[in-house]
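Taking it in order: structure first as structure tokens, then the write-up.
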Amino acid sequence: MSFSSGSSLSIDMTDQERFAIAKQSLDSSHLRYNIGTYMERSQHLLLKLFYEPDISYHEVPFEGYIADILNNDGITEIQTVGFRALHDKLTVFLPHYPVRVVYPVDTKNRICWIDADSGESTYSRLATYKKERYKILPELLHISDMFGCSGLSVELASMS
């Protein structure tokens, strides 16, 4: 029931268990340093921990670029926007490693109204965004010339 170092593919636990472990690691104080280092947010770091719990494989320099994850499985890039900048990285990474591009998709969010005086939540509702996953389509245009490259995969990560 534990991750094998350097590989996130040979795991014998559910995605929910992996996510819980990643979230617990994110909440620990020694990993908070990474947020903001490369303009990352907590979602980005959480996904890195989900795909590779061993932080020694995170933020690995390679040929003038920094790979989010470089392990035995290849390179994993977590990208929410900015696929134009990703194009240059892929040009360098793909001849050497398989590259998985992970695009996080939020399909459900809880909206809360906070009372300005008391700081307490006065109202809460669940908002569903069914079209959120399609926001990747304009981004994919920036890397469309690489679709035939061996080793390139794009994965939508549901953050619901």
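By convention here, the chains of the structure tokens are called A, B, ... in the order presented, each chain's residues are numbered starting at 1, and ligands are numbered starting at 1 in the order presented.
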
Could you name the residues that touch Leu86 of chain A at 10 Å or less, counting only C-alpha atoms, but leaving out those on the same chain fewer than 3 positions away, as an mmCIF file with N, CA and C atoms, in the first residue's frame?
data_model
loop_
_atom_site.group_PDB
_atom_site.id
_atom_site.type_symbol
_atom_site.label_atom_id
_atom_site.label_comp_id
_atom_site.auth_asym_id
_atom_site.auth_seq_id
_atom_site.Cartn_x
_atom_site.Cartn_y
_atom_site.Cartn_z
ATOM 1 N N GLU A 77 4.529 16.858 -16.696
ATOM 2 C CA GLU A 77 4.364 18.306 -16.617
ATOM 3 C C GLU A 77 2.929 18.603 -16.235
ATOM 4 N N ILE A 78 2.722 19.351 -15.170
ATOM 5 C CA ILE A 78 1.390 19.755 -14.743
ATOM 6 C C ILE A 78 1.181 21.168 -15.246
ATOM 7 N N GLN A 79 0.176 21.346 -16.103
ATOM 8 C CA GLN A 79 0.004 22.604 -16.801
ATOM 9 C C GLN A 79 -1.452 23.032 -16.756
ATOM 10 N N VAL A 81 -2.391 26.426 -17.654
ATOM 11 C CA VAL A 81 -2.444 27.336 -18.806
ATOM 12 C C VAL A 81 -1.024 27.461 -19.337
ATOM 13 N N GLY A 82 -0.874 28.185 -20.401
ATOM 14 C CA GLY A 82 0.469 28.458 -20.900
ATOM 15 C C GLY A 82 1.076 27.322 -21.695
ATOM 16 N N PHE A 83 0.262 26.645 -22.498
ATOM 17 C CA PHE A 83 0.799 25.564 -23.315
ATOM 18 C C PHE A 83 1.766 26.094 -24.373
ATOM 19 N N LYS A 89 9.486 23.345 -24.105
ATOM 20 C CA LYS A 89 9.927 22.266 -23.223
ATOM 21 C C LYS A 89 9.757 20.909 -23.899
ATOM 22 N N LEU A 90 8.605 20.710 -24.528
ATOM 23 C CA LEU A 90 8.340 19.429 -25.189
ATOM 24 C C LEU A 90 9.345 19.151 -26.295
ATOM 25 N N THR A 91 9.739 20.189 -27.014
ATOM 26 C CA THR A 91 10.727 20.038 -28.075
ATOM 27 C C THR A 91 12.033 19.464 -27.524
ATOM 28 N N VAL A 101 1.494 15.209 -20.009
ATOM 29 C CA VAL A 101 1.030 16.544 -19.653
ATOM 30 C C VAL A 101 -0.274 16.360 -18.882
ATOM 31 N N GLU A 139 -5.746 25.618 -25.561
ATOM 32 C CA GLU A 139 -4.352 25.407 -25.131
ATOM 33 C C GLU A 139 -3.674 24.341 -25.985
ATOM 34 N N HIS A 142 -1.522 25.053 -29.125
ATOM 35 C CA HIS A 142 -0.118 25.464 -29.024
ATOM 36 C C HIS A 142 0.854 24.296 -29.137
ATOM 37 N N ILE A 143 0.373 23.083 -28.902
ATOM 38 C CA ILE A 143 1.263 21.917 -29.000
ATOM 39 C C ILE A 143 0.763 20.926 -30.052
#

- Message: List the spatial neighbours of Val154 of chain A as a PyMOL selection string - criterion: any atom at most 9 Å away, only C-alpha atoms, same-chain residues fewer than 6 positions off excluded.
- Response: chain A and resi 99-103

- Message: Which residues are close to Tyr65 of chain A, i.e. within 12 Å by only C-alpha atoms, leaving aside same-chain residues fewer than 4 positions away? Reply as a PyMOL selection string.
- Response: chain A and resi 38+59-61+69-70+75+77+85-93

Write the residues of the selection above to a file with N, CA, C and O atoms, as a PDB file, in the first residue's frame.
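Generated file (part.pdb):
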ATOM      1  N   TYR A  38       8.205  28.480  -8.249  1.00  0.00           N
ATOM      2  CA  TYR A  38       8.128  28.592  -9.703  1.00  0.00           C
ATOM      3  C   TYR A  38       6.732  29.060 -10.112  1.00  0.00           C
ATOM      4  O   TYR A  38       6.160  28.565 -11.053  1.00  0.00           O
ATOM      5  N   GLU A  59      10.856  19.054  -9.750  1.00  0.00           N
ATOM      6  CA  GLU A  59      11.628  20.229 -10.177  1.00  0.00           C
ATOM      7  C   GLU A  59      13.057  19.851 -10.569  1.00  0.00           C
ATOM      8  O   GLU A  59      14.036  20.375 -10.034  1.00  0.00           O
ATOM      9  N   VAL A  60      13.165  18.958 -11.529  1.00  0.00           N
ATOM     10  CA  VAL A  60      14.465  18.439 -11.964  1.00  0.00           C
ATOM     11  C   VAL A  60      14.939  19.220 -13.194  1.00  0.00           C
ATOM     12  O   VAL A  60      14.252  19.251 -14.211  1.00  0.00           O
ATOM     13  N   PRO A  61      16.118  19.851 -13.100  1.00  0.00           N
ATOM     14  CA  PRO A  61      16.658  20.561 -14.263  1.00  0.00           C
ATOM     15  C   PRO A  61      17.051  19.572 -15.367  1.00  0.00           C
ATOM     16  O   PRO A  61      17.629  18.519 -15.095  1.00  0.00           O
ATOM     17  N   ILE A  69       8.187  16.761 -12.847  1.00  0.00           N
ATOM     18  CA  ILE A  69       8.571  15.450 -12.317  1.00  0.00           C
ATOM     19  C   ILE A  69       9.418  14.754 -13.373  1.00  0.00           C
ATOM     20  O   ILE A  69       9.036  14.708 -14.543  1.00  0.00           O
ATOM     21  N   LEU A  70      10.548  14.236 -12.963  1.00  0.00           N
ATOM     22  CA  LEU A  70      11.379  13.396 -13.829  1.00  0.00           C
ATOM     23  C   LEU A  70      11.727  12.165 -13.015  1.00  0.00           C
ATOM     24  O   LEU A  70      12.483  12.236 -12.041  1.00  0.00           O
ATOM     25  N   ILE A  75       8.847  12.080 -17.902  1.00  0.00           N
ATOM     26  CA  ILE A  75       8.583  13.431 -17.406  1.00  0.00           C
ATOM     27  C   ILE A  75       7.081  13.640 -17.297  1.00  0.00           C
ATOM     28  O   ILE A  75       6.327  13.261 -18.189  1.00  0.00           O
ATOM     29  N   GLU A  77       4.529  16.858 -16.696  1.00  0.00           N
ATOM     30  CA  GLU A  77       4.364  18.306 -16.617  1.00  0.00           C
ATOM     31  C   GLU A  77       2.929  18.603 -16.235  1.00  0.00           C
ATOM     32  O   GLU A  77       1.999  18.139 -16.902  1.00  0.00           O
ATOM     33  N   ALA A  85       4.268  28.105 -23.797  1.00  0.00           N
ATOM     34  CA  ALA A  85       5.594  27.935 -23.185  1.00  0.00           C
ATOM     35  C   ALA A  85       5.957  26.459 -23.077  1.00  0.00           C
ATOM     36  O   ALA A  85       7.131  26.084 -23.143  1.00  0.00           O
ATOM     37  N   LEU A  86       4.965  25.605 -22.912  1.00  0.00           N
ATOM     38  CA  LEU A  86       5.198  24.168 -22.825  1.00  0.00           C
ATOM     39  C   LEU A  86       5.745  23.613 -24.136  1.00  0.00           C
ATOM     40  O   LEU A  86       6.507  22.648 -24.139  1.00  0.00           O
ATOM     41  N   HIS A  87       5.400  24.223 -25.237  1.00  0.00           N
ATOM     42  CA  HIS A  87       5.854  23.760 -26.547  1.00  0.00           C
ATOM     43  C   HIS A  87       7.372  23.647 -26.595  1.00  0.00           C
ATOM     44  O   HIS A  87       7.920  22.647 -27.055  1.00  0.00           O
ATOM     45  N   ASP A  88       8.063  24.674 -26.118  1.00  0.00           N
ATOM     46  CA  ASP A  88       9.527  24.663 -26.152  1.00  0.00           C
ATOM     47  C   ASP A  88      10.098  23.561 -25.273  1.00  0.00           C
ATOM     48  O   ASP A  88      11.071  22.898 -25.641  1.00  0.00           O
ATOM     49  N   LYS A  89       9.486  23.345 -24.105  1.00  0.00           N
ATOM     50  CA  LYS A  89       9.927  22.266 -23.223  1.00  0.00           C
ATOM     51  C   LYS A  89       9.757  20.909 -23.899  1.00  0.00           C
ATOM     52  O   LYS A  89      10.641  20.060 -23.839  1.00  0.00           O
ATOM     53  N   LEU A  90       8.605  20.710 -24.528  1.00  0.00           N
ATOM     54  CA  LEU A  90       8.340  19.429 -25.189  1.00  0.00           C
ATOM     55  C   LEU A  90       9.345  19.151 -26.295  1.00  0.00           C
ATOM     56  O   LEU A  90       9.761  18.008 -26.497  1.00  0.00           O
ATOM     57  N   THR A  91       9.739  20.189 -27.014  1.00  0.00           N
ATOM     58  CA  THR A  91      10.727  20.038 -28.075  1.00  0.00           C
ATOM     59  C   THR A  91      12.033  19.464 -27.524  1.00  0.00           C
ATOM     60  O   THR A  91      12.684  18.643 -28.175  1.00  0.00           O
ATOM     61  N   VAL A  92      12.389  19.868 -26.322  1.00  0.00           N
ATOM     62  CA  VAL A  92      13.614  19.383 -25.687  1.00  0.00           C
ATOM     63  C   VAL A  92      13.405  18.035 -24.991  1.00  0.00           C
ATOM     64  O   VAL A  92      14.230  17.127 -25.089  1.00  0.00           O
ATOM     65  N   PHE A  93      12.286  17.868 -24.292  1.00  0.00           N
ATOM     66  CA  PHE A  93      12.049  16.660 -23.486  1.00  0.00           C
ATOM     67  C   PHE A  93      11.753  15.415 -24.312  1.00  0.00           C
ATOM     68  O   PHE A  93      12.240  14.324 -24.015  1.00  0.00           O
TER      69      PHE A  93
END

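Note that the spacing between atom CA of Glu63 of chain A and atom CA of Leu45 of chain A amounts to 22.4 Å.
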
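Here atom CA of Leu46 of chain A stands at a distance of 16.9 Å from atom CA of Asn71 of chain A.
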
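For the choices A:Ala67, A:Phe62, A:Glu17, A:Gln43, the atom-to-atom distance to Met159 of chain A is smallest for A:Gln43 when using only C-alpha atoms.
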
- Message: What does the structure give for the distance between atom CA of Tyr97 of chain A and atom CA of Gly74 of chain A, in Å to one decimal?
- Response: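 Atom CA of Gly74 of chain A lies at a distance of 5.1 Å from atom CA of Tyr97 of chain A.
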
- Task: Please give the complete set of residues from segment 71-138 of chain A that DSSP, run on the backbone, assigns to alpha helix (DSSP H), formatted as a PyMOL selection string.
- Result: chain A and resi 83-93+136-138

- Surrounding residues of Cys149 of chain A excluding itself and chain neighbours under 2 positions, 10 Å, only C-alpha atoms, as a PyMOL selection string: chain A and resi 90-91+94-95+98+145-147+151-153

- Item | Residues near Tyr123 of chain A, cut-off 8 Å, only C-alpha atoms, skip fewer than 3 positions along chain, as a list of chain:residue names | A:Cys112, A:Trp113, A:Ile114

With N, CA and C atoms retained, write the just-selected residues as a PDB file, in the first residue's frame.
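Result went into again.pdb, see below:
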ATOM      1  N   CYS A 112     -18.929  29.981  -1.097  1.00  0.00           N
ATOM      2  CA  CYS A 112     -19.347  30.397   0.244  1.00  0.00           C
ATOM      3  C   CYS A 112     -19.340  31.913   0.324  1.00  0.00           C
ATOM      4  N   TRP A 113     -20.332  32.431   0.992  1.00  0.00           N
ATOM      5  CA  TRP A 113     -20.376  33.854   1.293  1.00  0.00           C
ATOM      6  C   TRP A 113     -19.941  34.027   2.736  1.00  0.00           C
ATOM      7  N   ILE A 114     -18.997  34.916   2.950  1.00  0.00           N
ATOM      8  CA  ILE A 114     -18.445  35.147   4.278  1.00  0.00           C
ATOM      9  C   ILE A 114     -18.951  36.491   4.796  1.00  0.00           C
TER      10      ILE A 114
END

- Task: Select from segment 38-118 of chain A everything DSSP, run on the backbone, classes as strand (DSSP E or B), then give the selection as a PyMOL selection string.
- Result: chain A and resi 58-62+65-71+74-78+99-105+108-114
